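Q: The following file, entry_27.txt, comprises compact mmCIF, C-alpha atoms (C1' of nucleotides):
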# COMPACT_ATOMS: atom_id res chain seq x y z
CA MET A 75 59.38 90.41 -13.05
CA ASP A 76 62.21 87.92 -13.25
CA LYS A 77 62.09 84.74 -11.22
CA GLN A 78 64.80 84.60 -8.61
CA PRO A 79 67.16 81.73 -9.26
CA VAL A 80 66.36 79.36 -6.38
CA ASP A 81 68.80 77.02 -4.70
CA PRO A 82 67.40 73.58 -5.56
CA TYR A 83 68.63 72.27 -2.19
CA ARG A 84 66.80 74.88 -0.13
CA LEU A 85 63.72 72.74 0.58
CA LEU A 86 65.79 69.65 1.30
CA ARG A 87 68.00 71.54 3.77
CA LYS A 88 64.90 72.88 5.45
CA TYR A 89 63.39 69.41 5.55
CA PHE A 90 66.38 68.06 7.47
CA SER A 91 66.99 71.04 9.75
CA ASP A 92 63.29 71.27 10.69
CA ARG A 93 63.23 67.68 11.84
CA MET A 94 66.55 67.13 13.56
CA PRO A 95 69.57 68.91 14.97
CA ILE A 96 72.18 68.96 12.24
CA SER A 97 75.42 70.88 11.70
CA ASP A 98 76.03 72.88 8.53
CA GLU A 99 78.80 70.50 7.71
CA ASP A 100 76.57 67.44 7.95
CA LEU A 101 73.86 69.24 6.04
CA ASN A 102 76.30 69.87 3.20
CA TYR A 103 77.38 66.26 3.35
CA PHE A 104 73.78 65.07 3.15
CA CYS A 105 73.03 67.33 0.20
CA SER A 106 76.17 66.21 -1.61
CA LYS A 107 74.59 62.77 -1.89
CA TYR A 108 71.55 64.12 -3.72
CA ARG A 109 71.47 65.04 -7.40
CA LEU A 110 69.01 67.23 -9.23
CA LYS A 111 66.71 66.08 -11.99
CA ARG A 112 64.05 68.01 -13.89
CA THR A 113 61.32 66.02 -15.59
CA LYS A 114 58.58 66.58 -18.13
CA ARG A 115 54.90 65.83 -17.71
CA ASN A 116 54.28 62.06 -17.72
CA GLN A 117 57.97 61.25 -17.95
CA VAL A 118 58.70 57.70 -16.82
CA LEU A 119 61.57 57.47 -14.31
CA LEU A 120 61.47 53.74 -13.67
CA ASN A 121 60.07 50.84 -15.65
CA ALA A 122 58.70 47.63 -14.16
CA GLY A 123 61.37 44.94 -14.24
CA GLU A 124 64.19 47.34 -13.44
CA VAL A 125 65.85 47.53 -10.04
CA ASN A 126 64.90 50.91 -8.61
CA PRO A 127 68.13 52.78 -7.90
CA TYR A 128 66.80 55.96 -6.29
CA MET A 129 64.86 57.51 -3.46
CA TYR A 130 63.32 60.81 -4.57
CA PHE A 131 62.65 64.04 -2.76
CA VAL A 132 60.05 66.13 -4.60
CA ASN A 133 60.92 69.84 -4.72
CA THR A 134 58.09 70.73 -7.05
CA GLY A 135 55.62 68.64 -9.01
CA CYS A 136 54.33 65.19 -8.21
CA LEU A 137 55.42 61.56 -8.64
CA ARG A 138 53.15 58.61 -9.19
CA VAL A 139 54.03 54.98 -8.54
CA TYR A 140 51.79 52.65 -10.50
CA MET A 141 51.48 49.09 -11.77
CA LEU A 142 49.90 47.30 -14.67
CA ASP A 143 47.56 44.39 -14.02
CA GLN A 144 47.28 41.28 -16.23
CA SER A 145 45.04 43.01 -18.72
CA GLY A 146 47.25 46.10 -18.95
CA ARG A 147 45.17 48.39 -16.79
CA GLU A 148 47.03 50.87 -14.61
CA ALA A 149 46.71 50.94 -10.83
CA THR A 150 48.15 53.75 -8.72
CA ARG A 151 50.02 52.46 -5.71
CA PHE A 152 51.35 55.68 -4.26
CA LEU A 153 51.58 59.41 -4.90
CA VAL A 154 54.46 61.61 -3.77
CA THR A 155 53.67 65.28 -3.35
CA GLU A 156 55.90 68.31 -2.86
CA ASN A 157 58.34 68.40 0.03
CA ARG A 158 58.13 64.66 0.57
CA PHE A 159 60.26 61.58 0.05
CA GLY A 160 59.02 58.67 -1.97
CA THR A 161 59.88 55.94 -4.44
CA ALA A 162 58.86 52.47 -5.58
CA PHE A 163 59.63 51.27 -2.10
CA PRO A 164 59.88 47.47 -2.23
CA SER A 165 62.26 47.51 -5.19
CA PHE A 166 64.39 50.24 -3.65
CA ILE A 167 64.71 48.59 -0.24
CA LEU A 168 65.10 45.02 -1.46
CA GLN A 169 67.09 46.03 -4.57
CA GLU A 170 64.97 43.64 -6.59
CA PRO A 171 63.24 44.21 -9.95
CA SER A 172 60.27 46.50 -9.53
CA MET A 173 56.63 45.53 -10.03
CA ALA A 174 55.89 49.22 -10.40
CA TYR A 175 56.62 52.16 -12.66
CA ILE A 176 57.46 55.67 -11.50
CA GLN A 177 56.37 58.69 -13.50
CA SER A 178 56.18 62.42 -12.91
CA LEU A 179 52.61 63.54 -13.43
CA GLU A 180 53.69 67.14 -14.03
CA PRO A 181 56.96 68.85 -14.89
CA SER A 182 58.83 68.25 -11.65
CA GLU A 183 62.04 69.15 -9.90
CA LEU A 184 63.45 66.19 -8.03
CA LEU A 185 66.42 65.41 -5.84
CA TYR A 186 67.48 61.80 -5.82
CA ILE A 187 69.90 59.63 -3.88
CA ASN A 188 71.07 56.11 -4.64
CA PHE A 189 70.51 53.10 -2.40
CA THR A 190 74.06 52.76 -1.12
CA ASP A 191 74.28 56.41 -0.11
CA PHE A 192 70.82 56.29 1.39
CA ARG A 193 71.74 53.35 3.61
CA GLU A 194 75.02 54.97 4.48
CA LEU A 195 73.21 58.04 5.78
CA THR A 196 70.55 56.12 7.72
CA ASP A 197 73.14 53.79 9.22
CA ASN A 198 75.65 56.45 10.24
CA PHE A 199 73.49 59.34 11.37
CA PRO A 200 71.29 58.23 14.27
CA GLU A 201 69.27 61.45 14.23
CA TRP A 202 68.42 60.92 10.60
CA GLN A 203 67.71 57.25 11.19
CA ARG A 204 65.17 58.33 13.76
CA VAL A 205 63.48 60.77 11.38
CA TYR A 206 63.45 58.20 8.62
CA LEU A 207 62.00 55.62 11.01
CA ARG A 208 59.18 58.01 11.92
CA ASN A 209 58.51 58.57 8.22
CA ILE A 210 58.28 54.86 7.54
CA GLU A 211 56.02 54.39 10.54
CA MET A 212 53.68 57.05 9.18
CA ASP A 213 53.77 55.64 5.64
CA TYR A 214 53.06 52.20 7.04
CA ILE A 215 50.13 53.54 9.04
CA ALA A 216 48.76 55.25 5.92
CA SER A 217 49.00 51.99 4.01
CA ILE A 218 47.23 50.10 6.83
CA LYS A 219 44.39 52.59 6.65
CA ARG A 220 44.20 52.12 2.91
CA ILE A 221 44.02 48.33 3.34
CA GLU A 222 41.24 48.80 5.86
CA SER A 223 39.26 50.88 3.42
CA LEU A 224 39.81 48.32 0.66
CA ILE A 225 38.67 45.33 2.72
CA THR A 226 35.76 46.93 4.56
CA MET A 227 34.25 49.58 2.30
CA SER A 228 32.36 49.80 -0.98
CA ALA A 229 33.76 51.80 -3.90
CA LYS A 230 31.32 54.58 -3.12
CA ASP A 231 32.34 54.81 0.53
CA ARG A 232 36.02 54.73 -0.38
CA TYR A 233 35.47 57.63 -2.73
CA ASN A 234 33.60 59.63 -0.11
CA LEU A 235 36.36 58.94 2.41
CA LEU A 236 39.00 60.20 0.01
CA LEU A 237 36.85 63.25 -0.65
CA GLU A 238 36.89 63.98 3.10
CA ASN A 239 40.52 63.18 3.82
CA ASP A 240 42.17 64.50 0.74
CA PRO A 241 39.90 66.79 -1.30
CA GLY A 242 42.95 68.43 -2.88
CA MET A 243 43.96 65.16 -4.46
CA ILE A 244 40.58 64.72 -6.11
CA GLN A 245 40.63 68.26 -7.35
CA LYS A 246 44.15 68.18 -8.65
CA LEU A 247 44.42 64.78 -10.28
CA PRO A 248 42.56 63.43 -13.33
CA SER A 249 39.74 61.16 -12.25
CA LYS A 250 41.28 58.34 -14.22
CA ILE A 251 44.07 58.26 -11.64
CA ILE A 252 41.72 58.68 -8.69
CA ALA A 253 39.82 55.66 -10.02
CA ASP A 254 42.83 53.39 -10.27
CA TYR A 255 44.04 54.59 -6.86
CA LEU A 256 40.69 53.49 -5.43
CA GLY A 257 40.88 50.22 -7.34
CA ILE A 258 37.80 50.85 -9.50
CA SER A 259 37.17 51.58 -13.18
CA GLN A 260 36.90 55.15 -14.41
CA GLU A 261 33.35 54.51 -15.57
CA THR A 262 32.34 53.41 -12.08
CA LEU A 263 33.97 56.48 -10.56
CA SER A 264 32.22 58.73 -13.05
CA ARG A 265 28.88 57.23 -12.07
CA LEU A 266 29.64 57.52 -8.34
CA LYS A 267 30.39 61.21 -8.72
CA SER A 268 27.10 61.94 -10.45
CA LYS A 269 25.06 59.82 -8.01
CA LYS A 270 26.18 61.80 -4.92
CA MET B 143 57.48 12.36 30.24
CA ASP B 144 57.23 15.64 32.05
CA LYS B 145 57.43 18.86 30.11
CA GLN B 146 60.51 20.85 30.94
CA PRO B 147 59.59 24.16 32.49
CA VAL B 148 60.63 26.61 29.77
CA ASP B 149 61.94 30.10 30.33
CA PRO B 150 59.28 32.32 28.72
CA TYR B 151 61.98 34.80 27.72
CA ARG B 152 64.09 32.28 25.84
CA LEU B 153 62.62 33.03 22.40
CA LEU B 154 62.73 36.77 22.95
CA ARG B 155 66.39 36.67 24.04
CA LYS B 156 67.16 34.61 20.97
CA TYR B 157 65.25 37.05 18.78
CA PHE B 158 67.40 39.93 19.96
CA SER B 159 70.75 38.16 20.06
CA ASP B 160 70.23 36.64 16.60
CA ARG B 161 69.67 40.05 15.06
CA MET B 162 72.13 42.34 16.81
CA PRO B 163 75.17 42.39 19.04
CA ILE B 164 73.90 42.76 22.60
CA SER B 165 75.46 42.29 26.01
CA ASP B 166 73.89 40.03 28.62
CA GLU B 167 73.28 43.06 30.73
CA ASP B 168 71.37 44.86 27.98
CA LEU B 169 69.51 41.68 27.17
CA ASN B 170 68.34 41.46 30.75
CA TYR B 171 67.37 45.10 30.67
CA PHE B 172 65.35 44.59 27.49
CA CYS B 173 63.57 41.57 28.92
CA SER B 174 62.79 43.42 32.15
CA LYS B 175 60.52 45.68 30.10
CA TYR B 176 58.42 42.78 28.86
CA ARG B 177 55.73 41.03 30.86
CA LEU B 178 54.21 37.64 30.30
CA LYS B 179 50.57 36.97 29.49
CA ARG B 180 48.80 33.71 28.73
CA THR B 181 45.54 33.88 26.81
CA LYS B 182 42.64 31.61 25.96
CA ARG B 183 41.32 30.84 22.49
CA ASN B 184 39.50 33.88 21.03
CA GLN B 185 40.35 36.06 24.01
CA VAL B 186 40.09 39.75 23.15
CA LEU B 187 43.15 41.77 24.21
CA LEU B 188 42.10 45.15 22.86
CA ASN B 189 38.72 46.61 21.95
CA ALA B 190 38.11 49.21 19.28
CA GLY B 191 37.93 52.67 20.84
CA GLU B 192 40.66 51.94 23.38
CA VAL B 193 44.17 53.30 23.09
CA ASN B 194 46.39 50.32 22.44
CA PRO B 195 48.99 50.22 25.25
CA TYR B 196 51.12 47.29 24.13
CA MET B 197 53.40 45.84 21.51
CA TYR B 198 53.28 42.02 21.62
CA PHE B 199 55.87 39.36 20.98
CA VAL B 200 54.23 36.00 20.29
CA ASN B 201 55.99 33.09 22.00
CA THR B 202 53.37 30.53 21.07
CA GLY B 203 49.96 30.83 19.46
CA CYS B 204 48.70 33.53 17.13
CA LEU B 205 47.26 37.04 17.32
CA ARG B 206 44.72 38.54 14.96
CA VAL B 207 44.08 42.24 14.43
CA TYR B 208 40.64 42.86 12.98
CA MET B 209 38.00 45.52 12.46
CA LEU B 210 34.25 45.69 12.16
CA ASP B 211 32.70 47.41 9.16
CA GLN B 212 29.46 49.45 9.25
CA SER B 213 27.29 46.36 9.07
CA GLY B 214 29.22 44.55 11.80
CA ARG B 215 31.18 42.24 9.56
CA GLU B 216 34.72 41.39 10.65
CA ALA B 217 37.76 42.14 8.50
CA THR B 218 41.21 40.82 9.36
CA ARG B 219 43.87 43.48 9.07
CA PHE B 220 46.91 41.59 10.26
CA LEU B 221 48.02 38.27 11.71
CA VAL B 222 50.94 37.82 14.08
CA THR B 223 52.52 34.38 14.16
CA GLU B 224 55.01 32.79 16.53
CA ASN B 225 58.36 34.44 17.14
CA ARG B 226 57.17 37.78 15.75
CA PHE B 227 56.26 41.21 16.98
CA GLY B 228 52.92 42.75 16.21
CA THR B 229 50.06 44.86 17.48
CA ALA B 230 47.29 47.19 16.33
CA PHE B 231 49.97 49.43 14.91
CA PRO B 232 48.36 52.82 14.23
CA SER B 233 46.83 53.05 17.68
CA PHE B 234 50.03 51.92 19.37
CA ILE B 235 52.29 54.36 17.52
CA LEU B 236 49.94 57.35 17.55
CA GLN B 237 48.53 56.52 21.00
CA GLU B 238 45.07 57.20 19.65
CA PRO B 239 41.87 55.16 20.05
CA SER B 240 42.07 52.01 17.97
CA MET B 241 39.89 51.22 14.96
CA ALA B 242 40.85 47.59 15.45
CA TYR B 243 40.45 44.77 17.94
CA ILE B 244 43.19 42.33 18.94
CA GLN B 245 42.38 38.75 19.80
CA SER B 246 44.36 35.56 20.29
CA LEU B 247 43.06 32.94 17.88
CA GLU B 248 44.45 30.12 19.97
CA PRO B 249 45.67 29.76 23.54
CA SER B 250 48.81 31.88 23.34
CA GLU B 251 51.84 32.87 25.34
CA LEU B 252 52.69 36.52 24.83
CA LEU B 253 55.30 38.98 25.99
CA TYR B 254 54.20 42.58 25.95
CA ILE B 255 55.81 45.98 26.42
CA ASN B 256 54.16 49.36 26.89
CA PHE B 257 54.57 52.29 24.53
CA THR B 258 56.83 54.40 26.73
CA ASP B 259 59.25 51.56 27.34
CA PHE B 260 59.16 50.58 23.68
CA ARG B 261 60.11 54.08 22.58
CA GLU B 262 62.74 54.25 25.28
CA LEU B 263 64.40 51.13 23.91
CA THR B 264 64.22 52.18 20.25
CA ASP B 265 65.47 55.67 21.05
CA ASN B 266 68.35 54.66 23.28
CA PHE B 267 69.67 51.51 21.66
CA PRO B 268 70.79 52.28 18.11
CA GLU B 269 71.33 48.61 17.29
CA TRP B 270 67.79 47.83 18.26
CA GLN B 271 66.48 50.88 16.45
CA ARG B 272 68.11 49.51 13.33
CA VAL B 273 66.53 46.07 13.74
CA TYR B 274 63.15 47.62 14.45
CA LEU B 275 63.53 49.87 11.39
CA ARG B 276 64.21 46.83 9.20
CA ASN B 277 61.13 45.14 10.65
CA ILE B 278 58.93 48.12 9.87
CA GLU B 279 60.36 48.35 6.36
CA MET B 280 59.47 44.71 5.76
CA ASP B 281 55.99 45.09 7.27
CA TYR B 282 55.44 48.16 5.12
CA ILE B 283 56.56 46.27 2.02
CA ALA B 284 54.18 43.42 2.88
CA SER B 285 51.34 45.89 3.21
CA ILE B 286 52.20 47.52 -0.14
CA LYS B 287 52.02 44.11 -1.78
CA ARG B 288 48.67 43.51 -0.17
CA ILE B 289 47.39 46.85 -1.48
CA GLU B 290 48.62 45.91 -4.94
CA SER B 291 46.72 42.65 -4.83
CA LEU B 292 43.58 44.43 -3.63
CA ILE B 293 43.61 47.08 -6.36
CA THR B 294 44.72 44.92 -9.29
CA MET B 295 43.39 41.41 -8.74
CA SER B 296 40.06 39.60 -8.60
CA ALA B 297 39.01 37.70 -5.49
CA LYS B 298 39.92 34.45 -7.20
CA ASP B 299 43.42 35.61 -8.12
CA ARG B 300 44.00 36.99 -4.65
CA TYR B 301 43.07 33.63 -3.19
CA ASN B 302 45.38 31.77 -5.56
CA LEU B 303 48.20 34.17 -4.71
CA LEU B 304 47.73 33.57 -1.01
CA LEU B 305 47.67 29.84 -1.69
CA GLU B 306 51.07 30.16 -3.35
CA ASN B 307 52.69 32.56 -0.90
CA ASP B 308 51.30 31.32 2.35
CA PRO B 309 49.75 27.85 2.06
CA GLY B 310 50.27 27.31 5.80
CA MET B 311 47.97 30.19 6.60
CA ILE B 312 45.16 28.74 4.52
CA GLN B 313 45.64 25.34 6.08
CA LYS B 314 45.85 26.58 9.62
CA LEU B 315 43.15 29.25 9.82
CA PRO B 316 39.38 28.89 9.49
CA SER B 317 38.25 29.94 6.03
CA LYS B 318 36.03 32.58 7.58
CA ILE B 319 39.17 34.45 8.57
CA ILE B 320 40.91 33.83 5.25
CA ALA B 321 37.84 35.34 3.59
CA ASP B 322 37.80 38.52 5.61
CA TYR B 323 41.56 38.84 5.22
CA LEU B 324 41.05 38.76 1.44
CA GLY B 325 38.17 41.19 1.72
CA ILE B 326 35.51 38.81 0.40
CA SER B 327 32.54 36.96 1.92
CA GLN B 328 32.94 33.43 3.23
CA GLU B 329 30.39 32.20 0.70
CA THR B 330 32.43 33.61 -2.17
CA LEU B 331 35.58 32.00 -0.81
CA SER B 332 33.84 28.67 -0.42
CA ARG B 333 32.76 28.83 -4.07
CA LEU B 334 36.25 29.84 -5.23
CA LYS B 335 37.76 26.84 -3.47
CA SER B 336 35.42 24.38 -5.14
CA LYS B 337 35.79 25.95 -8.60
CA LYS B 338 39.56 25.38 -8.77
C1' DT C 1149 44.97 79.46 -31.38
C1' DG C 1150 43.37 75.17 -33.17
C1' DA C 1151 44.02 70.32 -34.47
C1' DA C 1152 44.98 66.07 -32.27
C1' DA C 1153 45.03 63.50 -28.41
C1' DT C 1154 43.51 62.50 -24.09
C1' DT C 1155 39.96 62.23 -20.65
C1' DA C 1156 35.23 61.97 -19.02
C1' DT C 1157 30.53 60.60 -19.47
C1' DT C 1158 26.70 57.74 -20.65
C1' DG C 1159 24.11 53.56 -22.18
C1' DA C 1160 23.41 48.62 -22.62
C1' DC C 1161 24.82 44.56 -21.11
C1' DT C 1162 27.85 40.95 -18.53
C1' DT C 1163 30.37 39.28 -14.81
C1' DT C 1164 31.62 39.19 -10.22
C1' DT C 1165 30.59 39.30 -5.68
C1' DG C 1166 27.31 39.85 -1.87
C1' DT C 1167 23.11 38.50 0.74
C1' DC C 1168 19.94 35.64 2.97
C1' DA C 1169 18.45 31.21 4.18
C1' DA C 1170 18.79 26.45 4.91
C1' DA C 1171 21.28 22.19 5.29
C1' DT C 1172 25.39 19.92 6.45
C1' DT C 1173 29.73 19.24 8.63
C1' DA C 1174 33.30 19.83 12.02
C1' DC C 1175 35.01 20.44 16.27
C1' DA C 1176 35.73 22.66 21.19
C1' DG C 1177 35.06 21.86 25.66
C1' DC C 1178 32.90 19.37 29.17
C1' DG D 669 32.80 10.19 23.62
C1' DC D 670 28.86 13.52 23.59
C1' DT D 671 26.61 17.62 22.74
C1' DG D 672 25.92 22.02 21.46
C1' DT D 673 28.02 25.72 19.09
C1' DA D 674 30.42 27.34 15.26
C1' DA D 675 31.97 26.87 10.59
C1' DT D 676 31.19 25.51 5.89
C1' DT D 677 28.72 24.63 1.84
C1' DT D 678 25.04 25.23 -1.42
C1' DG D 679 21.08 27.46 -3.76
C1' DA D 680 18.42 31.33 -5.43
C1' DC D 681 18.46 35.83 -6.04
C1' DA D 682 20.15 40.90 -5.67
C1' DA D 683 23.45 44.37 -5.92
C1' DA D 684 27.82 46.16 -7.23
C1' DA D 685 31.16 46.87 -10.37
C1' DG D 686 33.29 45.85 -14.91
C1' DT D 687 33.27 45.87 -20.04
C1' DC D 688 32.63 47.60 -24.49
C1' DA D 689 31.30 51.16 -27.44
C1' DA D 690 29.94 55.61 -28.74
C1' DT D 691 29.93 60.37 -27.80
C1' DA D 692 31.13 64.64 -25.50
C1' DA D 693 34.24 67.52 -23.17
C1' DT D 694 38.90 68.94 -22.04
C1' DT D 695 43.60 69.55 -22.59
C1' DT D 696 48.00 69.74 -24.63
C1' DC D 697 51.50 71.63 -27.20
C1' DA D 698 53.03 72.74 -31.74
Please express the file's structure as structure tokens.
A:
Amino acid sequence: MDKQPVDPYRLLRKYFSDRMPISDEDLNYFCSKYRLKRTKRNQVLLNAGEVNPYMYFVNTGCLRVYMLDQSGREATRFLVTENRFGTAFPSFILQEPSMAYIQSLEPSELLYINFTDFRELTDNFPEWQRVYLRNIEMDYIASIKRIESLITMSAKDRYNLLLENDPGMIQKLPSKIIADYLGISQETLSRLKSKK
Amino acid sequence: MDKQPVDPYRLLRKYFSDRMPISDEDLNYFCSKYRLKRTKRNQVLLNAGEVNPYMYFVNTGCLRVYMLDQSGREATRFLVTENRFGTAFPSFILQEPSMAYIQSLEPSELLYINFTDFRELTDNFPEWQRVYLRNIEMDYIASIKRIESLITMSAKDRYNLLLENDPGMIQKLPSKIIADYLGISQETLSRLKSKK
DNA sequence: TGAAATTATTGACTTTTGTCAAATTACAGC
DNA sequence: GCTGTAATTTGACAAAAGTCAATAATTTCA
């Protein structure tokens, strides 16, 4: 069977129209600001030190935002799964050099928009500003919960919590990445998994 | 010399008018949604398990949002200093029982607004929505940076970073609170301070 | 499919941080 | 200014997590 050729903007249009009232005309205008990019496994989209130009919407695949510590070890800051927006946020918003890298963990299909256009849309379309605000509120809440887990829980408890809240993530991603998302070494994670 | 009686809404009015164009009428309307509260040192404003009804604006003093871990140890999630908004954010936004407590570290003068009124203002005043959005973006960025420090740095480096970025905080607050903000024990912090 | 590269596991040891207890210091509130 | 409570420091030890190295298991992609 042949694959149907799929409109790469289908998911994005659905994302907008599911969350806010929007005319076809505005929808087309929104989409005109986004460009398509296909990436390979482990392709780096942004290097630390660069100003991050784009916000990404993930059609298929998965993005990972990560940093290197002083000794060159990787630490995962954020993961962006399908049908979601995400980027190296501080660099994008402040338009300052990034502390973080962005890579696609798998071959991915992405839609991306530059900072100027992104601000133009949030500033001029109140309905979209509202949706975006709700997204940021939720992302902020998720990051607060992550801080809580980091300052109050042991590595073992953090792992068990992730296992409860997001079993798919643990199943899907290499444990190396789970470990640096939790802020522990892969050896420690390996031992935690065998111990319970 | 007698103290001048000060309008408790002066700072709040200034906060709004500094950040957005707003008519006197709207300013009065905004302020009508806020009520005044004076607190004692260490007074608890919200207990864990309660739904957090209020967003606070700190006129004078300081608020602390903190949690208890399994063994009853406190961990500071967030501090709200003068002339800023803050609250136990997840519970306020989701209107769910709070994981966190709120207390005033010093005698404080606060203005507070309930959730319904807060949403009413952000939904109906685009200029204010925009200012609020920028605030959340900045708070989110601050929390991302805190996550970075927690997953990539040792206790010692996190302390030195805080010393650089926010020396006032270390000077002003008891080291017990600095320690549980950094996610370490007070004994460890005490040793870090003497070692360098 | 099969060689090369990456990832995961395990062991031995080190370092960091936590815990408990006691002594000292600071300071809030009367 | 006192006085009692709270905060801080220090010591001795325990537990948690990291490091390095070697091996085993999986993937990738040519």
Q: Nearest to chain D: which of B:Asn266, B:Asn277, B:Thr330, B:Ser165 is it, counting only C-alpha atoms (C1' of nucleotides)?
A: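 For chain D, the nearest of the candidates is B:Thr330.
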Q: Determine, counting all atoms listed in the file, which protein, DNA and RNA residues have an atom within 8 Å of an atom of stretch 196-206 of chain B; residues of the same chain fewer than 2 positions away are not included. Present the result as a ChimeraX atom specification.
A: /B:150,153-154,194,208,218-229,234,244-257,260
Q: Counting all atoms listed in the file, what is within 12 Å of D:DA682, bar same-chain residues fewer than 2 positions away, as a ChimeraX atom specification?
A: /C:1165-1168 /D:680,684
Q: If you count only C-alpha atoms (C1' of nucleotides), which residues fall within 12 Å of A:Ser228, apart from same-chain ones fewer than 3 positions away, as a list in words?
A: Glu222, Ser223, Leu224, Ile225, Asp231, Arg232, Tyr233, Asn234, Leu235, Leu256, Gly257, Ile258, Thr262, Leu263 and Leu266 of chain A; Asp211, Gln212, Ser213, Gly325 and Ile326 of chain B; DT1165 and DG1166 of chain C; DA683, DA684 and DA685 of chain D
Q: Rounded to one decimal place, report the atom C1' of C:DA1176-atom C1' of D:DT671 distance in Å.
A: 10.5 Å
Q: Could you please tell me, as a list in words, which residues of chain B have an atom within 10 Å of chain D when using only C-alpha atoms (C1' of nucleotides)?
A: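 Per the criterion, chain B yields Pro316, Ser317, Lys318, Gln328, Glu329, Ser332, Arg333 and Ser336 of chain B.
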Q: Would you list which chain C residues are within 9 Å of chain A using all atoms listed in the file, as a ChimeraX atom specification?
A: /C:1155-1158
Q: Given a cut-off of 10 Å, which residues of chain A touch chain B, counting only C-alpha atoms, written out as a PyMOL selection string?
A: chain A and resi 140-145+147-152+162-165+167-168+173-174+196-197+200-201+203-204+206-208+210-227+254-258
Q: Would you place a box with edges along x, y and z of the file around all atoms of stretch 675-694 of chain D listed there, add 6 Å to each of its six sides, and report the centre and edge lengths in Å to one decimal, as lines of an AutoDock Vina configuration file?
A:
center_x = 28.7
center_y = 46.8
center_z = -9.1
size_x = 32.5
size_y = 56.3
size_z = 51.3
Q: What is the atom CA of B:Arg155 to atom CA of B:Thr181 distance in Å?
A: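 According to the coordinates, atom CA of B:Arg155 and atom CA of B:Thr181 are separated by 21.2 Å.
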Q: Could you check how far atom CA of B:Lys298 sits from atom CA of B:Gln313, in Å to one decimal?
A: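 Between atom CA of B:Lys298 and atom CA of B:Gln313 the gap is 17.1 Å.
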Q: Just checking: using all atoms listed in the file, which residue out of A:Glu194, A:Ser172, A:Ala253, A:Gln117 ends up closest to A:Tyr103?
A: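 That would be A:Glu194, the residue with the smallest distance to A:Tyr103.
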